[in-house]
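**Student:** Sharing a structure with you now.
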Amino acid sequence: MAALLVNISLGSVKIPLSDIGHILLGQDASKKTWEHIIIHYRLPKAITAILVGFGLSISGLLMQTLFRNPLAGPFVLGISSGASLGVALLVMGSSLIGFSFLNATVSLAIAASLGSFLVLVAILIAARNIRDTMAILIIGLMFGSITAAVVNILSFFASMEKLQQYVFWSLGSLGDLSWTQVSLFALIILMGLLMAVFCIKGLNALLLGEQYAKSMGVAIKNIRLLVMLATSLLAGSITAFAGPIAFIGLAVPHITRLIFKSADHRILIPATALVGAIIVLCCDSIAQLPGSELTLPINAITSIVGAPVVIWLLMRKRKIVL
Amino acid sequence: MEANEITMKATNLSIGYLHKKEKTTLAKNINFQLAKGNLIALVGPNGIGKSTLLKTICGTLKPLQGTINIQQKSIHTYDATALSKVLSIVFTESIPPSNLTVAEIIALGRQPYTNWIGTLSTADKAKVKEVLQLLRLESLATRKCTELSDGQLQKVLLGRALAQDTDIIVLDEPTTHLDVYHKAYIMKLLKEVAHTTQKTILFSTHEVTLAIQLCDQMMVLTADDFVIDQPCNLITEGSFAKLFPEDLIVFDAATGSFKVNT
């Protein structure tokens with residue numbers, strides 16, 4: 001809540017906290033423009049930040065448990081890259097083949113989700129015949145480079161305007177979403193979270209490995225499919241609406257495990273979602289650069305916060321647990 | 001053996017792999033009956049098909065021929081949940097490192113009985129407590145699994161299988177990474193558990209000498225033969241002598257152990 005308030009109060013226009021309270025409670029503020037800024041700009045952005053936090057951190061948790069690898073995450077496994085490719089094809093590719101889409105947001109979401117789902121399926125097919133989980137991670141990184149290469153080729157041929165559109169998207173942005181888009185986004189994220197909740201029992205069994213889970217009657221194939229669907233919905237829609245936001249998916253589950261000292265997904269799922277939302281809100285608050293009129297791209301801030309966490313995790317590798 | 005004492009029965013079993021319609025038979029004509037409250041060891045040289053036999057018994061692999069019955073019903077008529085209530089497994093591979101505590105790992109064994117989100121009922125909690133007491137693990141209950149020694153971890157994994165409350169427990173080389181003291185300790189514990197809980201416990205091992213002293217029955221799997229009997233009978237029949245080529249080690253019937261050929 002505090003993180004939410006801080007987030008809303010920060011921005012290029014200074015608005016006193018008391019007025020923010022009034023506006024949020026539905027009362028009149030001292031200036032009409034403030035009300036407009038809060039309701040139509042900062043509140044949807046804060047909600048987007050919360051949704052991004054929920055979705056990315058949960059999909060990271062799901063991936064880490066499914067692959068039983070502490071370094072798994074939507075970003076490392078190339079799922080975000082898949083989403084990027086989907087968006088790049090849509091934004092830059094559509095001009096090449098010469099047709100455009102009517103509803104940009106929905107088609108972006110579909111393209112990104114499809115892209116991430118395809119990459120995830122490809123990785124899982126590869127994973128079926130590979131026992132070594134490190135190999136799966138490397139395959140994920142390879143998919144990342146392939147998609148990056150395809151994006152490069154696309155951008156080489158794309159018009160300046162389209163290229164700029166894609167570059168801005170790739171920097172990540174939590175703002176610029178209308179209430180309609182936020183509602184649609186929230187709906188998709190909720191669906192993904194609901195799927196994750198239904199995986200809880202199976203995920204707990206998977207902590208002992210697939211063999212044990214199977215021997216306890218867990219329908220591995222169903223759980224795997226559900227986790228895949230949930231992850232591609234979450235990571236895919238987030239990448240579509242807010243751009244490819246790095247590190248949250250990888251770092252937050254570890255931070256949560258350190259704080260809550262648990263492996264039980266009945267605790268980890270809500271806890272990870274909460275920590276994820278707080279961290280993204282904080283990152284966004286930092287991105288506002290309090291006291292200045294500049295706003296930094298969110299992707300830069302999450303990486304600056306997230307990369308040291310990953311480095312720190314690698315340095316104490318012996319203690320990495322699921 | 002009386003019919004109601006028998007938990008598992010294999011008839012005319014052939015085991016092996018079916019790969020691209022090419023059959024690799026590892027062993028055939030396997031027949032056995034396993035009874036309640038018995039500890040049974042499966043011994044055989046490396047690569048002879050011990051793991052394949054265990055996987056077939058557990059329903060993970062389909063037999064090339066023959067049938068396996070659990071409680072007079074074919075193993076393939078059980079669905080995954082039903083099977084997990086009559087047969088539990090302890091694998092050789094260690095579990096991935098996690099924040100799970102000893103009590104939580106054992107409680108995971110209750111999964112076949114818990115609801116959609118895995119809430120433990122009073123009965124489930126009582127079962128976990130019972131297992132902790134039986135294996136003398138109470139003092140370790142809140143310890144994380146990453147902080148355990150290999151011997152303790154093996155006990156905890158056995159505890160998880162016990163919490164699953166099945167008539168049959170199958171363990172794939174449960175003593176592999178342990179020193180000789182803990183090998184004997186785990187095997188003795190298995191015997192104690194089999195006798196007190198009246199479960200059928202089957203495990204594969206390379207510790208022939210220890211198994212001879214502690215098991216009710218032993219299965220000896222060699223390239224061209226499968227026998228099951230009480231260890232003393234197997235010694236007199238010379239079954240252990242056939243386990244390995246005699247150029248290097250020979251079985252000494254008097255001590256029940258292998259001696260280097262000098």
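Here's how to read the names in the structure tokens: chain A, B, ... by the order shown, residue numbers from 1 in each chain, ligand numbers from 1 in the order shown.
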At a cut-off of 9 Å, which residues of chain A touch chain B? Count only C-alpha atoms and give the answer as JSON, numbers by chain.
**Tutor:** {"A": [68, 69, 197, 198, 199, 200, 201, 202, 204, 205, 207, 208, 209, 211, 212, 214, 215, 216, 217, 218, 219, 257, 261, 262, 263, 264, 266, 319, 320, 321, 322]}
**Student:** Would you return as a PDB file with N, CA, C and O atoms, in the first residue's frame the members of region 1-233 of chain B that DSSP assigns to strand (DSSP E or B) on this structure's backbone?
**Tutor:**
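Final output, saved to result_18.pdb:
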ATOM      1  N   ILE B   6      -0.369 -62.154   0.049  1.00  0.00           N
ATOM      2  CA  ILE B   6       0.430 -61.771  -1.121  1.00  0.00           C
ATOM      3  C   ILE B   6       0.055 -60.380  -1.604  1.00  0.00           C
ATOM      4  O   ILE B   6      -1.110 -60.081  -1.858  1.00  0.00           O
ATOM      5  N   THR B   7       1.052 -59.505  -1.686  1.00  0.00           N
ATOM      6  CA  THR B   7       0.775 -58.144  -2.140  1.00  0.00           C
ATOM      7  C   THR B   7       1.097 -57.971  -3.619  1.00  0.00           C
ATOM      8  O   THR B   7       0.444 -57.207  -4.312  1.00  0.00           O
ATOM      9  N   MET B   8       2.114 -58.692  -4.094  1.00  0.00           N
ATOM     10  CA  MET B   8       2.493 -58.557  -5.491  1.00  0.00           C
ATOM     11  C   MET B   8       2.844 -59.913  -6.089  1.00  0.00           C
ATOM     12  O   MET B   8       3.468 -60.741  -5.429  1.00  0.00           O
ATOM     13  N   LYS B   9       2.414 -60.106  -7.331  1.00  0.00           N
ATOM     14  CA  LYS B   9       2.681 -61.368  -7.990  1.00  0.00           C
ATOM     15  C   LYS B   9       3.069 -61.108  -9.439  1.00  0.00           C
ATOM     16  O   LYS B   9       2.380 -60.372 -10.148  1.00  0.00           O
ATOM     17  N   ALA B  10       4.183 -61.689  -9.865  1.00  0.00           N
ATOM     18  CA  ALA B  10       4.587 -61.556 -11.260  1.00  0.00           C
ATOM     19  C   ALA B  10       4.530 -62.924 -11.911  1.00  0.00           C
ATOM     20  O   ALA B  10       4.975 -63.913 -11.332  1.00  0.00           O
ATOM     21  N   THR B  11       3.925 -63.000 -13.089  1.00  0.00           N
ATOM     22  CA  THR B  11       3.802 -64.268 -13.779  1.00  0.00           C
ATOM     23  C   THR B  11       4.427 -64.191 -15.153  1.00  0.00           C
ATOM     24  O   THR B  11       4.046 -63.332 -15.959  1.00  0.00           O
ATOM     25  N   ASN B  12       5.380 -65.080 -15.394  1.00  0.00           N
ATOM     26  CA  ASN B  12       5.983 -65.227 -16.713  1.00  0.00           C
ATOM     27  C   ASN B  12       6.437 -63.904 -17.322  1.00  0.00           C
ATOM     28  O   ASN B  12       6.198 -63.615 -18.490  1.00  0.00           O
ATOM     29  N   LEU B  13       7.104 -63.107 -16.503  1.00  0.00           N
ATOM     30  CA  LEU B  13       7.452 -61.750 -16.882  1.00  0.00           C
ATOM     31  C   LEU B  13       8.711 -61.687 -17.746  1.00  0.00           C
ATOM     32  O   LEU B  13       9.703 -62.334 -17.454  1.00  0.00           O
ATOM     33  N   SER B  14       8.630 -60.894 -18.828  1.00  0.00           N
ATOM     34  CA  SER B  14       9.820 -60.581 -19.627  1.00  0.00           C
ATOM     35  C   SER B  14      10.044 -59.096 -19.544  1.00  0.00           C
ATOM     36  O   SER B  14       9.110 -58.316 -19.722  1.00  0.00           O
ATOM     37  N   ILE B  15      11.281 -58.711 -19.258  1.00  0.00           N
ATOM     38  CA  ILE B  15      11.537 -57.274 -19.162  1.00  0.00           C
ATOM     39  C   ILE B  15      12.563 -56.840 -20.193  1.00  0.00           C
ATOM     40  O   ILE B  15      13.361 -57.633 -20.680  1.00  0.00           O
ATOM     41  N   GLY B  16      12.510 -55.555 -20.527  1.00  0.00           N
ATOM     42  CA  GLY B  16      13.445 -55.001 -21.506  1.00  0.00           C
ATOM     43  C   GLY B  16      12.876 -53.742 -22.094  1.00  0.00           C
ATOM     44  O   GLY B  16      11.945 -53.147 -21.544  1.00  0.00           O
ATOM     45  N   TYR B  17      13.463 -53.322 -23.208  1.00  0.00           N
ATOM     46  CA  TYR B  17      13.032 -52.079 -23.845  1.00  0.00           C
ATOM     47  C   TYR B  17      12.471 -52.350 -25.224  1.00  0.00           C
ATOM     48  O   TYR B  17      12.895 -53.253 -25.919  1.00  0.00           O
ATOM     49  N   LEU B  18      11.487 -51.514 -25.570  1.00  0.00           N
ATOM     50  CA  LEU B  18      10.948 -51.552 -26.912  1.00  0.00           C
ATOM     51  C   LEU B  18      11.332 -50.235 -27.559  1.00  0.00           C
ATOM     52  O   LEU B  18      10.816 -49.177 -27.204  1.00  0.00           O
ATOM     53  N   HIS B  19      12.318 -50.295 -28.458  1.00  0.00           N
ATOM     54  CA  HIS B  19      12.776 -49.053 -29.065  1.00  0.00           C
ATOM     55  C   HIS B  19      12.623 -49.145 -30.576  1.00  0.00           C
ATOM     56  O   HIS B  19      13.267 -49.942 -31.231  1.00  0.00           O
ATOM     57  N   GLU B  22      12.058 -52.371 -32.058  1.00  0.00           N
ATOM     58  CA  GLU B  22      13.105 -53.357 -31.840  1.00  0.00           C
ATOM     59  C   GLU B  22      13.117 -53.741 -30.379  1.00  0.00           C
ATOM     60  O   GLU B  22      13.241 -52.895 -29.500  1.00  0.00           O
ATOM     61  N   LYS B  23      12.955 -55.020 -30.132  1.00  0.00           N
ATOM     62  CA  LYS B  23      12.845 -55.503 -28.764  1.00  0.00           C
ATOM     63  C   LYS B  23      14.214 -55.841 -28.195  1.00  0.00           C
ATOM     64  O   LYS B  23      14.989 -56.547 -28.814  1.00  0.00           O
ATOM     65  N   THR B  24      14.520 -55.308 -27.019  1.00  0.00           N
ATOM     66  CA  THR B  24      15.731 -55.710 -26.310  1.00  0.00           C
ATOM     67  C   THR B  24      15.283 -56.407 -25.028  1.00  0.00           C
ATOM     68  O   THR B  24      14.808 -55.756 -24.107  1.00  0.00           O
ATOM     69  N   THR B  25      15.385 -57.725 -25.021  1.00  0.00           N
ATOM     70  CA  THR B  25      14.958 -58.458 -23.827  1.00  0.00           C
ATOM     71  C   THR B  25      16.143 -58.592 -22.878  1.00  0.00           C
ATOM     72  O   THR B  25      17.199 -59.080 -23.253  1.00  0.00           O
ATOM     73  N   LEU B  26      15.939 -58.130 -21.649  1.00  0.00           N
ATOM     74  CA  LEU B  26      17.013 -58.214 -20.660  1.00  0.00           C
ATOM     75  C   LEU B  26      16.886 -59.472 -19.804  1.00  0.00           C
ATOM     76  O   LEU B  26      17.864 -60.080 -19.404  1.00  0.00           O
ATOM     77  N   ALA B  27      15.660 -59.869 -19.508  1.00  0.00           N
ATOM     78  CA  ALA B  27      15.442 -61.079 -18.710  1.00  0.00           C
ATOM     79  C   ALA B  27      14.049 -61.607 -18.996  1.00  0.00           C
ATOM     80  O   ALA B  27      13.139 -60.846 -19.321  1.00  0.00           O
ATOM     81  N   LYS B  28      13.904 -62.946 -18.918  1.00  0.00           N
ATOM     82  CA  LYS B  28      12.575 -63.515 -19.138  1.00  0.00           C
ATOM     83  C   LYS B  28      12.290 -64.628 -18.132  1.00  0.00           C
ATOM     84  O   LYS B  28      13.150 -64.976 -17.324  1.00  0.00           O
ATOM     85  N   ASN B  29      11.056 -65.127 -18.193  1.00  0.00           N
ATOM     86  CA  ASN B  29      10.601 -66.174 -17.265  1.00  0.00           C
ATOM     87  C   ASN B  29      10.771 -65.778 -15.797  1.00  0.00           C
ATOM     88  O   ASN B  29      11.275 -66.531 -14.987  1.00  0.00           O
ATOM     89  N   ILE B  30      10.400 -64.548 -15.493  1.00  0.00           N
ATOM     90  CA  ILE B  30      10.473 -64.100 -14.101  1.00  0.00           C
ATOM     91  C   ILE B  30       9.136 -64.378 -13.430  1.00  0.00           C
ATOM     92  O   ILE B  30       8.094 -63.938 -13.893  1.00  0.00           O
ATOM     93  N   ASN B  31       9.199 -65.153 -12.352  1.00  0.00           N
ATOM     94  CA  ASN B  31       7.989 -65.450 -11.577  1.00  0.00           C
ATOM     95  C   ASN B  31       8.280 -65.215 -10.109  1.00  0.00           C
ATOM     96  O   ASN B  31       9.295 -65.673  -9.599  1.00  0.00           O
ATOM     97  N   PHE B  32       7.421 -64.479  -9.435  1.00  0.00           N
ATOM     98  CA  PHE B  32       7.586 -64.352  -7.986  1.00  0.00           C
ATOM     99  C   PHE B  32       6.301 -63.913  -7.304  1.00  0.00           C
ATOM    100  O   PHE B  32       5.383 -63.411  -7.944  1.00  0.00           O
ATOM    101  N   GLN B  33       6.248 -64.173  -6.002  1.00  0.00           N
ATOM    102  CA  GLN B  33       5.152 -63.684  -5.165  1.00  0.00           C
ATOM    103  C   GLN B  33       5.782 -62.998  -3.969  1.00  0.00           C
ATOM    104  O   GLN B  33       6.665 -63.563  -3.330  1.00  0.00           O
ATOM    105  N   LEU B  34       5.349 -61.789  -3.672  1.00  0.00           N
ATOM    106  CA  LEU B  34       5.882 -61.066  -2.520  1.00  0.00           C
ATOM    107  C   LEU B  34       4.788 -60.968  -1.459  1.00  0.00           C
ATOM    108  O   LEU B  34       3.634 -60.691  -1.779  1.00  0.00           O
ATOM    109  N   ALA B  35       5.201 -61.200  -0.191  1.00  0.00           N
ATOM    110  CA  ALA B  35       4.204 -61.220   0.881  1.00  0.00           C
ATOM    111  C   ALA B  35       4.353 -60.025   1.808  1.00  0.00           C
ATOM    112  O   ALA B  35       5.396 -59.367   1.856  1.00  0.00           O
ATOM    113  N   LEU B  39      11.009 -58.218   3.797  1.00  0.00           N
ATOM    114  CA  LEU B  39      12.028 -57.380   3.170  1.00  0.00           C
ATOM    115  C   LEU B  39      12.724 -58.214   2.102  1.00  0.00           C
ATOM    116  O   LEU B  39      13.242 -59.290   2.389  1.00  0.00           O
ATOM    117  N   ILE B  40      12.707 -57.714   0.870  1.00  0.00           N
ATOM    118  CA  ILE B  40      13.274 -58.474  -0.248  1.00  0.00           C
ATOM    119  C   ILE B  40      14.347 -57.625  -0.941  1.00  0.00           C
ATOM    120  O   ILE B  40      14.102 -56.468  -1.266  1.00  0.00           O
ATOM    121  N   ALA B  41      15.528 -58.210  -1.146  1.00  0.00           N
ATOM    122  CA  ALA B  41      16.595 -57.504  -1.858  1.00  0.00           C
ATOM    123  C   ALA B  41      16.722 -58.076  -3.258  1.00  0.00           C
ATOM    124  O   ALA B  41      16.575 -59.276  -3.476  1.00  0.00           O
ATOM    125  N   LEU B  42      16.978 -57.186  -4.225  1.00  0.00           N
ATOM    126  CA  LEU B  42      17.253 -57.613  -5.591  1.00  0.00           C
ATOM    127  C   LEU B  42      18.729 -57.359  -5.864  1.00  0.00           C
ATOM    128  O   LEU B  42      19.195 -56.228  -5.758  1.00  0.00           O
ATOM    129  N   VAL B  43      19.468 -58.438  -6.158  1.00  0.00           N
ATOM    130  CA  VAL B  43      20.892 -58.265  -6.466  1.00  0.00           C
ATOM    131  C   VAL B  43      21.196 -58.765  -7.869  1.00  0.00           C
ATOM    132  O   VAL B  43      20.464 -59.597  -8.420  1.00  0.00           O
ATOM    133  N   GLN B  65       6.346 -59.033 -21.807  1.00  0.00           N
ATOM    134  CA  GLN B  65       5.457 -60.198 -21.780  1.00  0.00           C
ATOM    135  C   GLN B  65       5.089 -60.456 -20.325  1.00  0.00           C
ATOM    136  O   GLN B  65       5.795 -60.034 -19.411  1.00  0.00           O
ATOM    137  N   GLY B  66       3.996 -61.169 -20.083  1.00  0.00           N
ATOM    138  CA  GLY B  66       3.644 -61.554 -18.725  1.00  0.00           C
ATOM    139  C   GLY B  66       2.870 -60.469 -17.982  1.00  0.00           C
ATOM    140  O   GLY B  66       2.571 -59.410 -18.533  1.00  0.00           O
ATOM    141  N   THR B  67       2.527 -60.769 -16.725  1.00  0.00           N
ATOM    142  CA  THR B  67       1.688 -59.850 -15.968  1.00  0.00           C
ATOM    143  C   THR B  67       2.264 -59.576 -14.579  1.00  0.00           C
ATOM    144  O   THR B  67       2.990 -60.381 -14.019  1.00  0.00           O
ATOM    145  N   ILE B  68       1.919 -58.401 -14.052  1.00  0.00           N
ATOM    146  CA  ILE B  68       2.217 -58.072 -12.668  1.00  0.00           C
ATOM    147  C   ILE B  68       0.892 -57.742 -12.001  1.00  0.00           C
ATOM    148  O   ILE B  68       0.133 -56.902 -12.495  1.00  0.00           O
ATOM    149  N   ASN B  69       0.611 -58.434 -10.912  1.00  0.00           N
ATOM    150  CA  ASN B  69      -0.615 -58.142 -10.171  1.00  0.00           C
ATOM    151  C   ASN B  69      -0.281 -57.536  -8.814  1.00  0.00           C
ATOM    152  O   ASN B  69       0.608 -58.005  -8.124  1.00  0.00           O
ATOM    153  N   ILE B  70      -1.007 -56.476  -8.486  1.00  0.00           N
ATOM    154  CA  ILE B  70      -0.922 -55.927  -7.143  1.00  0.00           C
ATOM    155  C   ILE B  70      -2.293 -56.147  -6.511  1.00  0.00           C
ATOM    156  O   ILE B  70      -3.305 -55.741  -7.076  1.00  0.00           O
ATOM    157  N   LYS B  73      -4.925 -57.600  -8.717  1.00  0.00           N
ATOM    158  CA  LYS B  73      -5.405 -56.829  -9.868  1.00  0.00           C
ATOM    159  C   LYS B  73      -4.206 -56.432 -10.718  1.00  0.00           C
ATOM    160  O   LYS B  73      -3.175 -56.027 -10.181  1.00  0.00           O
ATOM    161  N   SER B  74      -4.336 -56.510 -12.029  1.00  0.00           N
ATOM    162  CA  SER B  74      -3.207 -56.165 -12.905  1.00  0.00           C
ATOM    163  C   SER B  74      -2.794 -54.717 -12.683  1.00  0.00           C
ATOM    164  O   SER B  74      -3.637 -53.822 -12.543  1.00  0.00           O
ATOM    165  N   LEU B  87       1.479 -48.394  -4.055  1.00  0.00           N
ATOM    166  CA  LEU B  87       2.896 -48.584  -4.307  1.00  0.00           C
ATOM    167  C   LEU B  87       3.631 -47.247  -4.239  1.00  0.00           C
ATOM    168  O   LEU B  87       3.255 -46.295  -4.911  1.00  0.00           O
ATOM    169  N   SER B  88       4.648 -47.175  -3.382  1.00  0.00           N
ATOM    170  CA  SER B  88       5.452 -45.955  -3.323  1.00  0.00           C
ATOM    171  C   SER B  88       6.898 -46.288  -3.673  1.00  0.00           C
ATOM    172  O   SER B  88       7.323 -47.428  -3.526  1.00  0.00           O
ATOM    173  N   ILE B  89       7.630 -45.283  -4.143  1.00  0.00           N
ATOM    174  CA  ILE B  89       8.976 -45.521  -4.672  1.00  0.00           C
ATOM    175  C   ILE B  89       9.982 -44.552  -4.041  1.00  0.00           C
ATOM    176  O   ILE B  89       9.671 -43.385  -3.812  1.00  0.00           O
ATOM    177  N   VAL B  90      11.181 -45.060  -3.778  1.00  0.00           N
ATOM    178  CA  VAL B  90      12.305 -44.191  -3.405  1.00  0.00           C
ATOM    179  C   VAL B  90      13.361 -44.353  -4.498  1.00  0.00           C
ATOM    180  O   VAL B  90      13.826 -45.464  -4.736  1.00  0.00           O
ATOM    181  N   THR B 101      11.485 -28.632   4.420  1.00  0.00           N
ATOM    182  CA  THR B 101      11.968 -29.215   5.673  1.00  0.00           C
ATOM    183  C   THR B 101      11.683 -30.712   5.670  1.00  0.00           C
ATOM    184  O   THR B 101      10.924 -31.203   4.835  1.00  0.00           O
ATOM    185  N   LYS B 144      16.085 -28.146   7.263  1.00  0.00           N
ATOM    186  CA  LYS B 144      15.952 -28.081   5.805  1.00  0.00           C
ATOM    187  C   LYS B 144      16.657 -29.298   5.175  1.00  0.00           C
ATOM    188  O   LYS B 144      17.671 -29.767   5.702  1.00  0.00           O
ATOM    189  N   ILE B 168       3.125 -51.659  -0.658  1.00  0.00           N
ATOM    190  CA  ILE B 168       4.423 -52.013  -1.229  1.00  0.00           C
ATOM    191  C   ILE B 168       5.304 -50.760  -1.321  1.00  0.00           C
ATOM    192  O   ILE B 168       4.841 -49.700  -1.757  1.00  0.00           O
ATOM    193  N   ILE B 169       6.556 -50.888  -0.901  1.00  0.00           N
ATOM    194  CA  ILE B 169       7.528 -49.814  -1.088  1.00  0.00           C
ATOM    195  C   ILE B 169       8.689 -50.377  -1.906  1.00  0.00           C
ATOM    196  O   ILE B 169       9.223 -51.422  -1.574  1.00  0.00           O
ATOM    197  N   VAL B 170       9.043 -49.680  -2.979  1.00  0.00           N
ATOM    198  CA  VAL B 170      10.166 -50.109  -3.811  1.00  0.00           C
ATOM    199  C   VAL B 170      11.273 -49.068  -3.701  1.00  0.00           C
ATOM    200  O   VAL B 170      11.017 -47.873  -3.835  1.00  0.00           O
ATOM    201  N   LEU B 171      12.496 -49.502  -3.407  1.00  0.00           N
ATOM    202  CA  LEU B 171      13.616 -48.574  -3.317  1.00  0.00           C
ATOM    203  C   LEU B 171      14.709 -48.983  -4.306  1.00  0.00           C
ATOM    204  O   LEU B 171      15.099 -50.151  -4.343  1.00  0.00           O
ATOM    205  N   THR B 200       5.330 -54.677   2.334  1.00  0.00           N
ATOM    206  CA  THR B 200       6.295 -55.395   1.508  1.00  0.00           C
ATOM    207  C   THR B 200       7.334 -54.392   1.054  1.00  0.00           C
ATOM    208  O   THR B 200       6.983 -53.392   0.420  1.00  0.00           O
ATOM    209  N   ILE B 201       8.598 -54.611   1.414  1.00  0.00           N
ATOM    210  CA  ILE B 201       9.636 -53.671   0.996  1.00  0.00           C
ATOM    211  C   ILE B 201      10.633 -54.379   0.088  1.00  0.00           C
ATOM    212  O   ILE B 201      11.262 -55.355   0.468  1.00  0.00           O
ATOM    213  N   LEU B 202      10.735 -53.873  -1.146  1.00  0.00           N
ATOM    214  CA  LEU B 202      11.637 -54.459  -2.145  1.00  0.00           C
ATOM    215  C   LEU B 202      12.683 -53.418  -2.517  1.00  0.00           C
ATOM    216  O   LEU B 202      12.351 -52.272  -2.794  1.00  0.00           O
ATOM    217  N   PHE B 203      13.957 -53.798  -2.469  1.00  0.00           N
ATOM    218  CA  PHE B 203      14.994 -52.838  -2.857  1.00  0.00           C
ATOM    219  C   PHE B 203      16.104 -53.507  -3.640  1.00  0.00           C
ATOM    220  O   PHE B 203      16.379 -54.684  -3.481  1.00  0.00           O
ATOM    221  N   SER B 204      16.743 -52.723  -4.532  1.00  0.00           N
ATOM    222  CA  SER B 204      17.880 -53.261  -5.270  1.00  0.00           C
ATOM    223  C   SER B 204      19.140 -52.815  -4.549  1.00  0.00           C
ATOM    224  O   SER B 204      19.168 -51.749  -3.927  1.00  0.00           O
ATOM    225  N   GLN B 217      13.912 -62.436   1.971  1.00  0.00           N
ATOM    226  CA  GLN B 217      14.062 -63.111   0.684  1.00  0.00           C
ATOM    227  C   GLN B 217      15.012 -62.310  -0.192  1.00  0.00           C
ATOM    228  O   GLN B 217      15.176 -61.114   0.016  1.00  0.00           O
ATOM    229  N   MET B 218      15.618 -62.979  -1.153  1.00  0.00           N
ATOM    230  CA  MET B 218      16.443 -62.252  -2.112  1.00  0.00           C
ATOM    231  C   MET B 218      16.147 -62.706  -3.529  1.00  0.00           C
ATOM    232  O   MET B 218      15.878 -63.877  -3.773  1.00  0.00           O
ATOM    233  N   MET B 219      16.190 -61.730  -4.459  1.00  0.00           N
ATOM    234  CA  MET B 219      16.073 -62.044  -5.877  1.00  0.00           C
ATOM    235  C   MET B 219      17.472 -61.945  -6.461  1.00  0.00           C
ATOM    236  O   MET B 219      18.167 -60.958  -6.228  1.00  0.00           O
ATOM    237  N   VAL B 220      17.889 -62.961  -7.196  1.00  0.00           N
ATOM    238  CA  VAL B 220      19.194 -62.901  -7.847  1.00  0.00           C
ATOM    239  C   VAL B 220      18.964 -62.897  -9.353  1.00  0.00           C
ATOM    240  O   VAL B 220      18.404 -63.831  -9.914  1.00  0.00           O
ATOM    241  N   LEU B 221      19.376 -61.802  -9.985  1.00  0.00           N
ATOM    242  CA  LEU B 221      19.182 -61.655 -11.428  1.00  0.00           C
ATOM    243  C   LEU B 221      20.533 -61.750 -12.127  1.00  0.00           C
ATOM    244  O   LEU B 221      21.437 -60.966 -11.875  1.00  0.00           O
ATOM    245  N   THR B 222      20.676 -62.766 -12.986  1.00  0.00           N
ATOM    246  CA  THR B 222      21.901 -62.893 -13.781  1.00  0.00           C
ATOM    247  C   THR B 222      21.516 -62.950 -15.249  1.00  0.00           C
ATOM    248  O   THR B 222      20.327 -62.979 -15.579  1.00  0.00           O
ATOM    249  N   ASP B 225      19.385 -66.131 -15.787  1.00  0.00           N
ATOM    250  CA  ASP B 225      18.573 -66.742 -14.758  1.00  0.00           C
ATOM    251  C   ASP B 225      17.966 -65.709 -13.801  1.00  0.00           C
ATOM    252  O   ASP B 225      18.524 -64.639 -13.592  1.00  0.00           O
ATOM    253  N   PHE B 226      16.797 -66.051 -13.250  1.00  0.00           N
ATOM    254  CA  PHE B 226      16.220 -65.260 -12.169  1.00  0.00           C
ATOM    255  C   PHE B 226      15.758 -66.221 -11.089  1.00  0.00           C
ATOM    256  O   PHE B 226      14.996 -67.147 -11.357  1.00  0.00           O
ATOM    257  N   VAL B 227      16.273 -66.065  -9.878  1.00  0.00           N
ATOM    258  CA  VAL B 227      15.789 -66.906  -8.773  1.00  0.00           C
ATOM    259  C   VAL B 227      15.392 -66.034  -7.597  1.00  0.00           C
ATOM    260  O   VAL B 227      15.924 -64.952  -7.381  1.00  0.00           O
ATOM    261  N   ILE B 228      14.405 -66.518  -6.850  1.00  0.00           N
ATOM    262  CA  ILE B 228      14.018 -65.840  -5.620  1.00  0.00           C
ATOM    263  C   ILE B 228      13.846 -66.888  -4.540  1.00  0.00           C
ATOM    264  O   ILE B 228      13.229 -67.936  -4.771  1.00  0.00           O
ATOM    265  N   ASP B 229      14.464 -66.631  -3.375  1.00  0.00           N
ATOM    266  CA  ASP B 229      14.376 -67.593  -2.278  1.00  0.00           C
ATOM    267  C   ASP B 229      14.897 -66.928  -1.005  1.00  0.00           C
ATOM    268  O   ASP B 229      15.341 -65.779  -1.021  1.00  0.00           O
TER     269      ASP B 229
END
**Student:** Point out the residue among B:Ala123, B:Ala194, B:Ile48, B:Ile186 with the least atom-to-atom distance to Leu162 (chain B), counting only C-alpha atoms.
**Tutor:**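 Between B:Ala123, B:Ala194, B:Ile48, B:Ile186, the residue approaching Leu162 (chain B) most closely is B:Ala194.
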**Student:** To one decimal in Å, tell me the separation between CA of Thr48 (chain A) and CA of Gly73 (chain A).
**Tutor:**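 Separating CA of Thr48 (chain A) from CA of Gly73 (chain A) is a distance of 20.3 Å.
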**Student:** Excluding His206 (chain B) and any residue of its chain fewer than 4 positions from it, enumerate the residues within 8 Å of it, using only C-alpha atoms, and give them as a PDB file with N, CA and C atoms, in the first residue's frame.
**Tutor:**
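Dumped everything to around.pdb:
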ATOM      1  N   VAL B  43      19.468 -58.438  -6.158  1.00  0.00           N
ATOM      2  CA  VAL B  43      20.892 -58.265  -6.466  1.00  0.00           C
ATOM      3  C   VAL B  43      21.196 -58.765  -7.869  1.00  0.00           C
ATOM      4  N   GLY B  44      22.268 -58.242  -8.426  1.00  0.00           N
ATOM      5  CA  GLY B  44      22.669 -58.620  -9.781  1.00  0.00           C
ATOM      6  C   GLY B  44      23.789 -57.712 -10.214  1.00  0.00           C
ATOM      7  N   PRO B  45      24.606 -58.166 -11.175  1.00  0.00           N
ATOM      8  CA  PRO B  45      25.723 -57.326 -11.626  1.00  0.00           C
ATOM      9  C   PRO B  45      25.239 -56.062 -12.329  1.00  0.00           C
ATOM     10  N   GLU B 173      18.363 -48.908  -5.139  1.00  0.00           N
ATOM     11  CA  GLU B 173      19.678 -48.723  -4.522  1.00  0.00           C
ATOM     12  C   GLU B 173      19.697 -47.652  -3.421  1.00  0.00           C
TER      13      GLU B 173
END
